[in-house]
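Trainee: Encoded as structure tokens, here's the structure I'll be asking about.
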Amino acid sequence: MNKTVLDLWVGLFVITGIAALLFLALKVGSTSAIKASDSYEVVARFENIGGLKPRAPVKSAGVVVGRVADIQFDNKTYEAAVTLRLDKRYAFPKDSSAAIMTSGLLGEQYVGLEAGGDSMKLKANDRILITQDAVVLENLIGRFLYGKAQEGAPQ
Amino acid sequence: MLKQAIENLGNRTIQGVWRIGFASRFFLAMLLHSGTAFRRFGLTIRELYFTGVLSLIIILVSGLFVGMVLGLQGYETLQRFGSESALGTLVALSLVRELGPVLAGLLFASRAGSAITAEIGLMKATEQLSAMEMMAVDPIARVVAPRFWAGVISMPLLAALFSATGIFGGYLVGVKLIGVDEGTFWSQMQSSVDFQQDIINGVIKSVVFGVAVTTIALFEGYDAPPTAEGVSGATTRTVVTSSLAVLALDFVLTAFMFRGLN
């Protein structure tokens with residue numbers, strides 16, 4: 001089989017195609033999923049998670065330290081059990097607290113981890129005891145309106 | 001009158017079922033005879049040149065323009081909410097998930113699919129396929145299978161090139177022309193485009209479209225009535241059917257891939 005000019009063009013085509021795929025993989029996308037071997041999971045329970053979704057970031061001091069792996073509803077306590085997958089490089093004190101926060105006014109929701117002062121560190125499958133629920137805008141407005149109405153009510 | 005109408009309807013239904021059965025048998029025969037396409041890879045390389053390399057220009061140019069339009073329109077909409085920093089996300093996600101595979105599939109259908117149908121239809125009309133059979137050369141193995149695999153290989157590459165040039169076009173308009181910050185453009189894009197969820201799914205889509213478009217094009221060519229009229233009708237049917245197939249398959253695949261995501 002002889003090499004032809006055709007082969008050269010096809011080779012160029014395949015190489016540029018693969019280069020485009022690599023560009024998409026490396027420059028455009030990122031693998032957000034932390035590998036199971038490089039991470040540990042802890043559970044936090046919330047009464048209301050608002051609009052939190054799986055794969056949402058877990059941030060501490062604004063830095064992404066993990067992702068939300070799973071959200072389950074606990075039918076015994078009527079709470080949401082949120083499994084956080086944290087990067088193994090970061091260890092947090094046992095009495096750290098988790099809060100559901102919103103980036104910006106209408107942005108996505110994420111879990112904010114605030115380190116405590118305990119000398120013991122969180123281990124895999126531990127539970128984060130101190131949690132703060134998501135702020136539900138409707139409740140906030142409702143409370144505000146209720147307060148206003150009471151203020152204006154005739155004695 | 002009524003009897004005639006019912007007879008026509010029944011006849012059409014039977015013809016349709018017949019065609020579907022023949023198409024399935026054709027598809028299976030093509031897969032079974034794929035060995036030749038890989039053993040004599042030169043044949044596939046030749047077809048890769050015709051389906052892939054010659055489609056490059058139209059794919060690259062339209063990718064660039066689609067990306068540029070996305071950049072302009074996306075900026076117009078996003079700046080109303082003061083979130084023009086999300087422009088990179090918008091351009092990249094819409095291209096990688098949908099527009100890249102779908103538009104590349106549609107262009108591929110009209111650029112390469114119609115050419116495949118016309119070529120095979122004409123080979124049939126001029127009795128080249130029968131001549132091959134006379135020489136104990138299976139036309140499915142010699143003519144059809146290499147074209148099929150060339151289409152399946154080139155389609156994901158073309159879709160990836162479409163997305164990449166589209167993102168470059170969005171970058172040109174958004175960052176260079178309008179002046180969105182370059183750092184936020186890329187970093188927002190990276191933080192929201194996931195490799196497995198978005199890029200791999202986009203590649204899977206484009207492979208499926210490649211299989212669908214080339215199969216339809218090959219079958220229409222192979223099944224075309226051996227007349228000038230028949231070949232032209234088959235070419236039209238290829239473009240129409242495969243465009244519809246791409247759009248319908250895109251809906252099905254999207255429903256599968258992204259429904260459980262959020």
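Labels for the structure tokens follow display order: chains A, B, ..., residues from 1 in each chain, ligands from 1.
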Restrict the distance test to only C-alpha atoms, flag each residue of chain B within 7 Å of chain A, and return the flagged residues as an MDAnalysis selection string.
Mentor: chainID B and resid 45:46 48:49 53 157:158 160:161 164 189:191 193:195 262
Trainee: Create the file for the chosen residues now, containing C-alpha atoms and written as a compact mmCIF listing (two decimals), in the first residue's frame.
Mentor:
# COMPACT_ATOMS: atom_id res chain seq x y z
CA ILE B 45 -9.30 6.33 4.57
CA ARG B 46 -10.50 7.31 1.09
CA LEU B 48 -12.80 9.63 5.44
CA TYR B 49 -11.30 12.10 3.01
CA VAL B 53 -11.93 16.36 5.25
CA LEU B 157 -14.40 14.75 15.22
CA LEU B 158 -16.44 17.24 13.20
CA ALA B 160 -15.76 18.53 18.43
CA LEU B 161 -14.23 20.88 15.87
CA ALA B 164 -14.12 24.26 19.61
CA MET B 189 -16.69 28.18 31.70
CA GLN B 190 -14.38 25.69 33.34
CA SER B 191 -16.25 25.64 36.62
CA VAL B 193 -18.73 22.59 32.12
CA ASP B 194 -18.21 19.10 33.43
CA PHE B 195 -16.06 16.69 31.46
CA ASN B 262 -30.55 18.89 38.28
Trainee: Out of region 27-150 of chain A, which residues get strand (DSSP E or B) from DSSP, as JSON, numbers by chain?
Mentor: {"A": [30, 39, 40, 41, 42, 43, 44, 45, 46, 57, 58, 59, 60, 63, 64, 65, 66, 67, 68, 69, 70, 71, 72, 73, 74, 79, 80, 81, 82, 83, 84, 85, 86, 87, 93, 97, 98, 99, 100, 101, 102, 109, 110, 111, 112, 113, 114, 121, 127, 128, 130, 131, 132]}
Trainee: When you look at Leu113 (chain A) with a cut-off of 12 Å (counting only C-alpha atoms), what residues show up, excluding the ones that are within fewer than 5 positions of it in the same chain? I need them as number ranges by chain.
Mentor: A: 42, 44, 57-68, 84, 86, 90-101, 128-132
Trainee: Which residues, written as a compact mmCIF listing (two decimals) with C-alpha atoms, in the first residue's frame, have at least one atom at most 10 Å from region 10-23 of chain B, with only C-alpha atoms counted and residues fewer than 6 positions away on the same chain left out?
Mentor:
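Final file, around-v8.txt:
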# COMPACT_ATOMS: atom_id res chain seq x y z
CA GLN B 4 -59.55 3.31 -3.03
CA ALA B 29 -25.41 -6.82 6.85
CA THR B 215 -27.07 4.63 7.72
CA ILE B 216 -29.94 6.64 6.25
CA LEU B 218 -26.36 4.61 2.55
CA PHE B 219 -29.74 2.92 2.67
CA GLU B 220 -31.45 5.57 0.56
CA TYR B 222 -28.81 1.47 -2.01
CA ASP B 223 -32.59 1.43 -2.20
Trainee: What does the distance from CA of Val102 (chain B) to CA of Thr165 (chain B) come to in Å, to one decimal?
Mentor: 14.9 Å
Trainee: Kindly give the distance, in Å, that separates CA of Glu127 (chain B) and CA of Ile140 (chain B), rounded to a single decimal.
Mentor: 14.2 Å
Trainee: Hey, what does DSSP flag as alpha helix (DSSP H) within region 65-226 of chain B? Can you give it to me as an MDAnalysis selection string?
Mentor: chainID B and resid 65:78 87:93 100:108 114:125 128:134 139 145:171 182:192 201:223
Trainee: Could you give me, as a ChimeraX atom specification, the residues within 10 Å of region 81-97 of chain B, counting only C-alpha atoms and dropping anything in the same chain fewer than 3 positions from it?
Mentor: /A:24,28-29 /B:63,66-78,100-103,159-160,162-171,174-175,180-194,197-203,205,254,258
Trainee: Which distance in Å separates CA of Gly210 (chain B) and CA of Val152 (chain B), to one decimal?
Mentor: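 Between CA of Gly210 (chain B) and CA of Val152 (chain B) the gap is 4.8 Å.
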Trainee: Would you please work out which residue, of B:Met134, B:Met155, B:Ala245, B:Val144, is nearest to Gly52 (chain B) when using only C-alpha atoms?
Mentor: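 That would be B:Met155, the residue with the smallest distance to Gly52 (chain B).
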